[in-house]
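Student: Contents of start.csv (CSV, C-alpha atoms and all ligand atoms) are given next:
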```
chain,number,residue,atom,x,y,z
A,164,MET,CA,-195.8,-19.1,-143.2
A,165,PRO,CA,-192.4,-17.9,-144.5
A,166,VAL,CA,-191.4,-14.7,-142.8
A,167,GLU,CA,-191.1,-12.7,-146.1
A,168,GLU,CA,-194.8,-13.4,-146.8
A,169,GLN,CA,-196.0,-12.1,-143.4
A,170,TYR,CA,-197.9,-8.9,-143.3
A,171,TYR,CA,-195.6,-6.6,-141.2
A,172,THR,CA,-192.4,-7.7,-143.0
A,173,LYS,CA,-193.5,-6.0,-146.2
A,174,ALA,CA,-191.6,-2.7,-146.7
A,175,ARG,CA,-194.7,-0.7,-147.8
A,176,VAL,CA,-196.6,-1.8,-144.6
A,177,ALA,CA,-193.6,-1.0,-142.4
A,178,HIS,CA,-193.1,2.5,-143.8
A,179,LYS,CA,-196.8,3.4,-143.5
A,180,TYR,CA,-197.4,1.9,-140.0
A,181,ASP,CA,-196.8,5.2,-138.0
A,182,VAL,CA,-198.9,7.2,-140.4
A,183,TYR,CA,-202.1,5.4,-139.5
A,184,ILE,CA,-201.8,3.3,-136.4
A,185,GLY,CA,-202.8,5.9,-133.8
A,186,LYS,CA,-205.7,7.2,-136.0
A,187,ASN,CA,-206.9,3.7,-136.8
A,188,ILE,CA,-206.7,2.4,-133.2
A,189,PRO,CA,-208.1,5.1,-130.8
A,190,PHE,CA,-206.7,3.3,-127.7
A,191,TYR,CA,-203.3,2.6,-129.2
A,192,TRP,CA,-201.4,5.6,-127.6
A,193,PRO,CA,-203.6,5.4,-124.4
A,194,ALA,CA,-202.6,1.7,-124.0
A,195,LEU,CA,-198.9,2.5,-124.3
A,196,GLY,CA,-199.5,5.4,-121.9
A,197,PHE,CA,-201.2,3.2,-119.3
A,198,ILE,CA,-198.2,0.8,-119.4
A,199,ALA,CA,-195.6,3.6,-119.2
A,200,GLU,CA,-197.5,5.2,-116.2
A,201,HIS,CA,-197.4,1.9,-114.3
A,202,LEU,CA,-193.8,1.2,-115.1
A,203,GLY,CA,-192.9,4.7,-114.2
A,204,GLN,CA,-194.3,4.2,-110.7
A,205,ARG,CA,-192.9,0.8,-110.3
A,206,PHE,CA,-189.3,1.7,-111.3
A,207,ALA,CA,-189.3,5.2,-109.7
A,208,GLY,CA,-185.8,6.2,-108.6
A,209,ARG,CA,-184.2,3.3,-110.5
A,210,THR,CA,-181.5,4.1,-113.1
A,211,ASP,CA,-179.8,2.2,-115.9
A,212,LEU,CA,-182.6,-0.2,-116.6
A,213,GLU,CA,-182.1,-3.0,-119.1
A,214,VAL,CA,-185.1,-3.1,-121.5
A,215,LEU,CA,-186.0,-5.5,-124.2
A,216,ASP,CA,-188.8,-4.8,-126.7
A,217,ILE,CA,-189.9,-7.9,-128.7
A,218,GLY,CA,-191.8,-7.5,-131.9
A,219,CYS,CA,-190.9,-3.8,-131.5
A,220,GLY,CA,-192.3,-2.7,-134.8
A,221,THR,CA,-191.5,1.0,-135.2
A,222,ALA,CA,-190.4,1.2,-131.5
A,223,ASN,CA,-193.4,3.2,-130.3
A,224,HIS,CA,-193.7,1.1,-127.1
A,225,CYS,CA,-190.2,1.5,-125.9
A,226,VAL,CA,-190.0,5.2,-126.8
A,227,THR,CA,-193.2,5.9,-124.9
A,228,VAL,CA,-192.0,3.9,-121.8
A,229,SER,CA,-188.6,5.6,-122.0
A,230,LYS,CA,-190.3,8.9,-121.1
A,231,LYS,CA,-191.3,7.4,-117.7
A,232,ILE,CA,-188.3,5.1,-116.8
A,233,ASN,CA,-184.6,5.5,-117.0
A,234,ILE,CA,-183.3,3.2,-119.7
A,235,GLY,CA,-179.6,2.3,-119.6
A,236,GLN,CA,-179.6,-0.3,-122.3
A,237,LEU,CA,-182.3,-1.0,-124.9
A,238,THR,CA,-182.5,-4.1,-127.2
A,239,LEU,CA,-185.0,-4.3,-130.1
A,240,VAL,CA,-186.2,-7.6,-131.6
A,241,ASP,CA,-188.2,-7.9,-134.7
A,242,HIS,CA,-188.2,-10.3,-137.7
A,243,SER,CA,-188.9,-7.5,-140.1
A,244,ALA,CA,-185.8,-5.8,-141.4
A,245,ALA,CA,-188.0,-3.2,-143.0
A,246,ILE,CA,-189.7,-2.2,-139.8
A,247,LEU,CA,-186.4,-2.3,-137.9
A,248,GLU,CA,-185.1,0.4,-140.2
A,249,VAL,CA,-187.9,2.7,-139.1
A,250,ALA,CA,-187.3,1.7,-135.4
A,251,ARG,CA,-183.5,2.4,-135.6
A,252,ARG,CA,-184.1,5.8,-136.9
A,253,LYS,CA,-186.7,6.6,-134.2
A,254,VAL,CA,-184.7,5.4,-131.2
A,255,GLY,CA,-181.7,7.3,-132.7
A,256,GLU,CA,-183.7,10.5,-132.5
A,257,ALA,CA,-185.3,9.9,-129.1
A,258,GLU,CA,-183.6,12.0,-126.4
A,259,THR,CA,-184.7,9.5,-123.7
A,260,ILE,CA,-183.0,6.5,-125.3
A,261,PRO,CA,-179.3,6.2,-124.8
A,262,ASP,CA,-176.8,5.4,-127.6
A,263,GLY,CA,-175.8,1.9,-128.2
A,264,VAL,CA,-179.2,0.3,-128.9
A,265,GLN,CA,-178.8,-3.3,-129.8
A,266,VAL,CA,-180.9,-4.7,-132.7
A,267,ARG,CA,-181.6,-8.4,-133.2
A,268,THR,CA,-183.3,-9.3,-136.5
A,269,GLY,CA,-185.1,-12.6,-136.1
A,270,SER,CA,-188.1,-14.3,-134.6
A,271,PHE,CA,-188.4,-14.1,-130.8
A,272,LEU,CA,-189.8,-17.7,-131.1
A,273,GLU,CA,-186.4,-19.0,-132.1
A,274,PRO,CA,-184.3,-19.4,-129.0
A,275,GLU,CA,-181.2,-18.3,-131.0
A,276,THR,CA,-182.7,-14.8,-131.5
A,277,LEU,CA,-182.4,-14.2,-127.8
A,278,ALA,CA,-179.2,-16.3,-127.3
A,279,GLY,CA,-176.5,-14.7,-125.3
A,280,ILE,CA,-178.8,-12.6,-123.1
A,281,PRO,CA,-177.7,-13.8,-119.6
A,282,PRO,CA,-180.3,-15.2,-117.2
A,283,GLU,CA,-181.7,-12.6,-114.8
A,284,SER,CA,-180.2,-9.7,-116.7
A,285,VAL,CA,-183.2,-7.7,-118.0
A,286,ASP,CA,-185.4,-5.4,-115.9
A,287,VAL,CA,-188.3,-4.9,-118.4
A,288,ILE,CA,-189.5,-6.9,-121.4
A,289,LEU,CA,-192.1,-5.1,-123.6
A,290,SER,CA,-194.4,-6.7,-126.1
A,291,SER,CA,-197.4,-5.2,-127.8
A,292,LEU,CA,-199.6,-6.4,-130.7
A,293,THR,CA,-197.2,-9.3,-131.5
A,294,LEU,CA,-198.0,-12.3,-129.4
A,295,ASP,CA,-201.3,-12.9,-131.1
A,296,HIS,CA,-199.2,-14.3,-134.0
A,297,ILE,CA,-198.5,-17.4,-131.8
A,298,PHE,CA,-201.1,-20.1,-132.5
A,299,GLU,CA,-200.2,-22.8,-130.0
A,300,ASP,CA,-200.6,-22.2,-126.3
A,301,ASP,CA,-197.6,-24.5,-125.6
A,302,GLU,CA,-195.4,-22.3,-127.8
A,303,PHE,CA,-196.8,-19.2,-126.0
A,304,VAL,CA,-195.9,-20.6,-122.6
A,305,ALA,CA,-192.5,-21.8,-123.8
A,306,LEU,CA,-191.7,-18.2,-124.9
A,307,LEU,CA,-192.9,-16.7,-121.7
A,308,ARG,CA,-190.7,-19.2,-119.7
A,309,ARG,CA,-187.7,-18.1,-121.8
A,310,LEU,CA,-188.6,-14.5,-121.1
A,311,HIS,CA,-189.1,-15.2,-117.4
A,312,ARG,CA,-185.6,-16.7,-117.2
A,313,ILE,CA,-183.8,-13.7,-118.6
A,314,LEU,CA,-185.8,-11.2,-116.3
A,315,LYS,CA,-184.2,-10.1,-113.1
A,316,PRO,CA,-186.2,-10.9,-109.9
A,317,GLY,CA,-188.4,-7.9,-109.5
A,318,GLY,CA,-188.5,-7.3,-113.2
A,319,CYS,CA,-191.6,-6.9,-115.4
A,320,PHE,CA,-192.9,-8.4,-118.6
A,321,VAL,CA,-195.6,-6.5,-120.4
A,322,LEU,CA,-198.2,-8.1,-122.7
A,323,CYS,CA,-200.6,-6.0,-124.7
A,324,GLU,CA,-202.8,-7.8,-127.3
A,325,LYS,CA,-206.2,-7.8,-128.9
A,326,SER,CA,-208.2,-10.3,-126.9
A,327,SER,CA,-211.4,-12.3,-127.3
A,328,SER,CA,-212.7,-15.8,-127.4
A,329,PRO,CA,-211.3,-17.6,-130.5
A,330,ASP,CA,-214.8,-19.1,-131.2
A,331,PRO,CA,-216.5,-17.2,-134.0
A,332,THR,CA,-220.0,-18.1,-132.7
A,333,THR,CA,-219.4,-16.2,-129.4
A,334,PRO,CA,-220.4,-12.6,-128.6
A,335,SER,CA,-216.8,-11.9,-127.6
A,336,TRP,CA,-215.4,-12.9,-131.0
A,337,LYS,CA,-218.2,-11.1,-132.8
A,338,SER,CA,-217.1,-7.8,-131.1
A,339,PHE,CA,-213.5,-8.4,-132.2
A,340,ALA,CA,-214.7,-9.1,-135.8
A,341,GLU,CA,-216.8,-5.9,-135.8
A,342,MET,CA,-213.8,-3.9,-134.6
A,343,ILE,CA,-211.8,-5.2,-137.6
A,344,HIS,CA,-214.6,-4.2,-140.0
A,345,ILE,CA,-214.8,-0.7,-138.4
A,346,ARG,CA,-211.1,-0.3,-138.6
A,347,GLY,CA,-211.2,-1.4,-142.3
A,348,GLU,CA,-213.8,1.3,-142.9
A,349,ASN,CA,-211.5,3.8,-141.1
A,350,ASN,CA,-208.7,2.8,-143.5
A,351,ARG,CA,-211.0,3.4,-146.4
A,352,ARG,CA,-212.4,6.8,-145.2
A,353,ASN,CA,-209.0,8.2,-144.5
A,354,ASP,CA,-207.3,6.6,-147.5
A,355,PHE,CA,-204.7,4.9,-145.3
A,356,LYS,CA,-205.0,1.8,-147.4
A,357,ASN,CA,-206.6,0.9,-150.8
A,358,GLU,CA,-209.2,-1.9,-151.2
A,359,ALA,CA,-206.5,-4.6,-151.9
A,360,GLU,CA,-204.5,-3.6,-148.9
A,361,ILE,CA,-207.6,-3.6,-146.7
A,362,ALA,CA,-208.5,-7.1,-147.9
A,363,GLU,CA,-204.9,-8.2,-147.2
A,364,TRP,CA,-205.0,-6.6,-143.7
A,365,LYS,CA,-208.3,-8.3,-142.8
A,366,LYS,CA,-206.9,-11.6,-144.0
A,367,HIS,CA,-203.9,-11.0,-141.7
A,368,ASN,CA,-206.2,-10.3,-138.7
A,369,PHE,CA,-208.6,-13.2,-139.3
A,370,GLU,CA,-206.0,-15.8,-140.4
A,371,GLU,CA,-202.5,-14.9,-139.2
A,372,ASP,CA,-203.6,-13.8,-135.7
A,373,VAL,CA,-205.1,-16.0,-133.0
A,374,MET,CA,-207.4,-14.6,-130.4
A,375,ARG,CA,-207.0,-15.6,-126.7
A,376,PRO,CA,-209.3,-14.6,-123.9
A,377,LEU,CA,-207.4,-12.4,-121.5
A,378,SER,CA,-208.1,-14.9,-118.7
A,379,LEU,CA,-206.3,-17.6,-120.8
A,380,SER,CA,-203.3,-15.3,-121.4
A,381,TRP,CA,-203.3,-14.5,-117.6
A,382,THR,CA,-203.4,-18.3,-116.8
A,383,LEU,CA,-200.6,-19.1,-119.2
A,384,ALA,CA,-198.5,-16.2,-117.8
A,385,GLU,CA,-198.9,-17.7,-114.3
A,386,GLN,CA,-197.9,-21.1,-115.7
A,387,ALA,CA,-194.7,-19.5,-116.9
A,388,GLY,CA,-194.0,-18.3,-113.4
A,389,PHE,CA,-195.4,-14.7,-113.5
A,390,THR,CA,-197.6,-12.9,-111.0
A,391,ILE,CA,-200.0,-10.4,-112.7
A,392,GLU,CA,-199.7,-7.1,-110.9
A,393,LYS,CA,-201.8,-4.9,-113.1
A,394,ALA,CA,-204.4,-5.5,-115.9
A,395,GLY,CA,-206.3,-3.1,-118.2
A,396,GLY,CA,-208.2,-3.1,-121.4
A,397,ALA,CA,-210.0,-1.2,-124.1
A,398,VAL,CA,-213.3,-2.8,-123.5
A,399,LEU,CA,-215.4,-3.5,-126.7
A,400,PRO,CA,-219.2,-3.4,-126.3
A,401,PRO,CA,-221.3,-6.2,-127.9
A,402,ALA,CA,-221.1,-6.2,-131.7
A,403,ASP,CA,-224.6,-4.9,-132.2
A,404,GLU,CA,-223.8,-1.8,-130.1
A,405,LEU,CA,-220.4,-1.2,-131.7
A,406,ASP,CA,-220.7,1.3,-134.5
A,407,TYR,CA,-218.0,3.5,-136.0
A,408,ASP,CA,-218.5,6.5,-133.7
A,409,ARG,CA,-218.8,4.4,-130.6
A,410,PHE,CA,-215.6,2.6,-131.5
A,411,TYR,CA,-213.6,5.8,-132.1
A,412,ALA,CA,-214.7,7.1,-128.7
A,413,ILE,CA,-212.8,4.2,-127.0
A,414,ASP,CA,-209.7,6.3,-126.4
A,415,PHE,CA,-209.0,5.2,-122.9
A,416,ILE,CA,-208.0,2.1,-121.0
A,417,THR,CA,-210.1,0.6,-118.1
A,418,PRO,CA,-208.2,-1.0,-115.2
A,419,LEU,CA,-209.4,-4.6,-114.9
A,420,SER,CA,-209.7,-6.7,-111.8
A,421,ARG,CA,-208.9,-10.4,-111.8
A,422,ALA,CA,-212.6,-11.2,-111.1
A,423,ARG,CA,-213.8,-9.2,-114.1
A,424,VAL,CA,-211.3,-10.9,-116.4
A,425,PHE,CA,-212.1,-14.4,-115.2
A,426,ASP,CA,-215.9,-14.0,-114.7
A,427,THR,CA,-216.6,-12.7,-118.3
A,428,ILE,CA,-215.1,-13.3,-121.7
A,429,GLU,CA,-215.1,-9.7,-122.8
A,430,SER,CA,-213.4,-8.6,-126.0
A,431,TYR,CA,-210.6,-6.1,-125.6
A,432,GLY,CA,-209.3,-4.0,-128.5
A,433,ALA,CA,-206.1,-4.1,-126.4
A,434,GLY,CA,-205.9,-6.3,-123.3
A,435,ILE,CA,-202.9,-5.5,-121.0
A,436,LEU,CA,-201.2,-7.7,-118.5
A,437,ILE,CA,-198.2,-6.3,-116.5
A,438,CYS,CA,-196.6,-9.5,-115.3
A,439,ALA,CA,-194.0,-9.5,-112.5
A,440,LYS,CA,-191.2,-11.9,-111.7
A,441,ARG,CA,-191.1,-12.1,-107.9
A,501,LIG,C1,-198.7,-4.9,-135.0
A,501,LIG,S1,-196.9,-4.8,-135.0
A,501,LIG,C2,-196.7,-4.1,-133.4
A,501,LIG,C3,-195.5,-3.3,-133.3
A,501,LIG,C4,-195.2,-2.6,-132.0
A,501,LIG,N1,-195.0,-3.5,-130.9
A,501,LIG,C5,-196.4,-1.7,-131.6
A,501,LIG,O1,-197.0,-1.8,-130.6
A,501,LIG,O2,-196.6,-0.7,-132.4
A,501,LIG,C6,-196.3,-6.4,-134.9
A,501,LIG,C7,-194.8,-6.5,-134.9
A,501,LIG,O3,-194.4,-7.8,-134.5
A,501,LIG,C8,-193.4,-8.3,-135.4
A,501,LIG,N2,-193.4,-9.8,-135.2
A,501,LIG,C9,-194.5,-10.7,-135.3
A,501,LIG,N3,-194.1,-11.9,-135.1
A,501,LIG,C10,-192.8,-11.9,-134.7
A,501,LIG,C11,-191.8,-12.8,-134.3
A,501,LIG,N4,-192.2,-14.1,-134.2
A,501,LIG,N5,-190.6,-12.5,-134.1
A,501,LIG,C12,-190.2,-11.1,-134.2
A,501,LIG,N6,-191.1,-10.2,-134.6
A,501,LIG,C13,-192.3,-10.5,-134.8
A,501,LIG,C14,-193.9,-7.8,-136.7
A,501,LIG,O4,-192.8,-7.8,-137.7
A,501,LIG,C15,-194.3,-6.4,-136.4
A,501,LIG,O5,-193.3,-5.5,-136.4
```
Can you present the structure in this file as structure tokens?
Ligand SMILES: C[S@@+](CC[C@H](N)C(=O)[O-])C[C@H]1O[C@@H](n2cnc3c(N)ncnc32)[C@H](O)[C@@H]1O
Tutor:
Amino acid sequence: MPVEEQYYTKARVAHKYDVYIGKNIPFYWPALGFIAEHLGQRFAGRTDLEVLDIGCGTANHCVTVSKKINIGQLTLVDHSAAILEVARRKVGEAETIPDGVQVRTGSFLEPETLAGIPPESVDVILSSLTLDHIFEDDEFVALLRRLHRILKPGGCFVLCEKSSSPDPTTPSWKSFAEMIHIRGENNRRNDFKNEAEIAEWKKHNFEEDVMRPLSLSWTLAEQAGFTIEKAGGAVLPPADELDYDRFYAIDFITPLSRARVFDTIESYGAGILICAKR
């Protein structure tokens, strides 16, 4: 799909994003907090870290993380010029982000967008709610391999995505679909979006995004050379137990073991993998 037709590249979506995202997704800020907490412990005492935020949106992920680690250089990547306008303003105002932020406007799937970043030069690569736009597993692994190359040994890559089975007949996918309907209702009740916008947003979720079980993302990250050092998720209950109030009470992240991720195909409103380059 041409980039100008994609959901988040539209200026009206970009400018409203921060107004509703935390109220629409109860575990949005807790997920970023879970990641920041882990990175804070992992990079304790380290200064001047090189950080790259891909699909940065309005820069909430890197700004949250910057409160826990010492960033020396930040690079933002997004293919939406409209959303980068918001991100630039926000990082400019954040006291924990140094001056001289680099901004790359383009798709992180195109190697030229990341061209010129030397191998083994980045300490932390952040991604949240953006890799579910990659349909093909081969393309997913190819991107992760490129990211692995530019990370320093000892560096971290963070993946945080909605996650479920992609098969609409499974309980896991039904939980994901129920979450989208509940979030649509939240948009309606709070007047965050009108009916046409809700329909467009649902279409984006059901047609532009691809669901991967967290175990598959974990396996693909390992294929790209990473070791998973921490996992967590906003665990969604079965669809028939997931109502509006129950969903909006999921304002925390549950740490996940490898066995739990691989023995079940649960649905996670956000599934988090913190991947290390050894
Ligand atoms: C749901 S938003 C998430 C933003 C941010 N990471 C957050 O957690 O709030 C998805 C973002 O990814 C960007 N995006 C999606 N596919 C992309 C691609 N191939 N290259 C660059 N940016 C992309 C969109 O423009 C949008 O800003």
Student: Can you pull out every residue within 12 Å of Glu258 (chain A), counting all atoms listed in the file, but drop anything in the same chain fewer than 6 positions away, and send it as a PyMOL selection string?
Tutor: chain A and resi 226-227+229-230+233-234
Student: Using only C-alpha atoms, find the one residue out of A:Lys186, A:Ala439, A:Leu419, A:Val249 that sits nearest to Arg352 (chain A).
Tutor: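 Closest to Arg352 (chain A) of all the choices is A:Lys186.
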Student: Counting only C-alpha atoms, figure out which residue out of A:Phe271, A:Lys440, A:Arg205, A:Ala257 gets nearest to Cys219 (chain A).
Tutor: A:Phe271
Student: Which residue gives the smallest distance to ligand LIG 501 (chain A) among A:Val321, A:Val285, A:Ala384, A:Leu202, with all atoms listed in the file counted?
Tutor: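 Result for the nearest residue to ligand LIG 501 (chain A): A:Val321.
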Student: From the set A:Tyr407, A:Ala394, A:Ile428, A:Pro281, which residue has the shortest atom-to-atom contact distance to Trp336 (chain A), counting only C-alpha atoms?
Tutor: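 Using only C-alpha atoms, Trp336 (chain A) sits closest to A:Ile428.
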Student: Is it possible to get the residues within 9 Å of (-187.2, -2.3, -122.3) (coordinates as in the file, counting only C-alpha atoms) written as number ranges by chain?
Tutor: A: 212-217, 224-225, 228-229, 234, 236-239, 285-289
Student: Smallest atom-to-atom distance to ligand LIG 501 (chain A): which of A:Gln386, A:Ser335, A:Ser290, A:Ser378, using only C-alpha atoms and all ligand atoms?
Tutor: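 Selected residue with least distance to ligand LIG 501 (chain A): A:Ser290.
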Student: Rounded to one decimal in Å, what is the spacing between CA of Pro331 (chain A) and CA of Asn187 (chain A)?
Tutor: 23.2 Å
Student: Can you tell me which residues come within 6 Å of ligand LIG 501 (chain A) when counting only C-alpha atoms and all ligand atoms, ideally as a PyMOL selection string?
Tutor: chain A and resi 171-172+218-220+223-224+240-243+246+269-272+290-293+296
Student: What does the file look like for those residues with C-alpha atoms, as a PDB file, in the coordinates of the input?
Tutor:
```
ATOM      1  CA  TYR A 171    -195.600  -6.600-141.200  1.00  0.00           C
ATOM      2  CA  THR A 172    -192.400  -7.700-143.000  1.00  0.00           C
ATOM      3  CA  GLY A 218    -191.800  -7.500-131.900  1.00  0.00           C
ATOM      4  CA  CYS A 219    -190.900  -3.800-131.500  1.00  0.00           C
ATOM      5  CA  GLY A 220    -192.300  -2.700-134.800  1.00  0.00           C
ATOM      6  CA  ASN A 223    -193.400   3.200-130.300  1.00  0.00           C
ATOM      7  CA  HIS A 224    -193.700   1.100-127.100  1.00  0.00           C
ATOM      8  CA  VAL A 240    -186.200  -7.600-131.600  1.00  0.00           C
ATOM      9  CA  ASP A 241    -188.200  -7.900-134.700  1.00  0.00           C
ATOM     10  CA  HIS A 242    -188.200 -10.300-137.700  1.00  0.00           C
ATOM     11  CA  SER A 243    -188.900  -7.500-140.100  1.00  0.00           C
ATOM     12  CA  ILE A 246    -189.700  -2.200-139.800  1.00  0.00           C
ATOM     13  CA  GLY A 269    -185.100 -12.600-136.100  1.00  0.00           C
ATOM     14  CA  SER A 270    -188.100 -14.300-134.600  1.00  0.00           C
ATOM     15  CA  PHE A 271    -188.400 -14.100-130.800  1.00  0.00           C
ATOM     16  CA  LEU A 272    -189.800 -17.700-131.100  1.00  0.00           C
ATOM     17  CA  SER A 290    -194.400  -6.700-126.100  1.00  0.00           C
ATOM     18  CA  SER A 291    -197.400  -5.200-127.800  1.00  0.00           C
ATOM     19  CA  LEU A 292    -199.600  -6.400-130.700  1.00  0.00           C
ATOM     20  CA  THR A 293    -197.200  -9.300-131.500  1.00  0.00           C
ATOM     21  CA  HIS A 296    -199.200 -14.300-134.000  1.00  0.00           C
TER      22      HIS A 296
END
```
Student: Just give me the gap between CA of Ile413 (chain A) and CA of Phe197 (chain A) in Å, one decimal is fine.
Tutor: 14.0 Å
Student: For CA of Glu324 (chain A) and CA of Gly388 (chain A), determine how far apart the two atoms are, in Å to one decimal place.
Tutor: 19.5 Å
Student: From the options A:Glu358, A:Glu348, A:Glu341, A:Glu273, which residue's atoms come nearest to Glu404 (chain A), counting all atoms listed in the file?
Tutor: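 With all atoms listed in the file as the atom set, the closest residue is A:Glu341.
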Student: May I have the protein, DNA and RNA residues with an atom at most 9 Å from (-202.5, -8.2, -113.3), counting only C-alpha atoms in the file's coordinates, returned as an MDAnalysis selection string?
Tutor: chainID A and resid 381 390:395 419:421 435:439
Student: Would you mind listing what lies within 10 Å of Phe298 (chain A) as a PyMOL selection string, with only C-alpha atoms counted and same-chain residues fewer than 6 positions away left out?
Tutor: chain A and resi 371-375
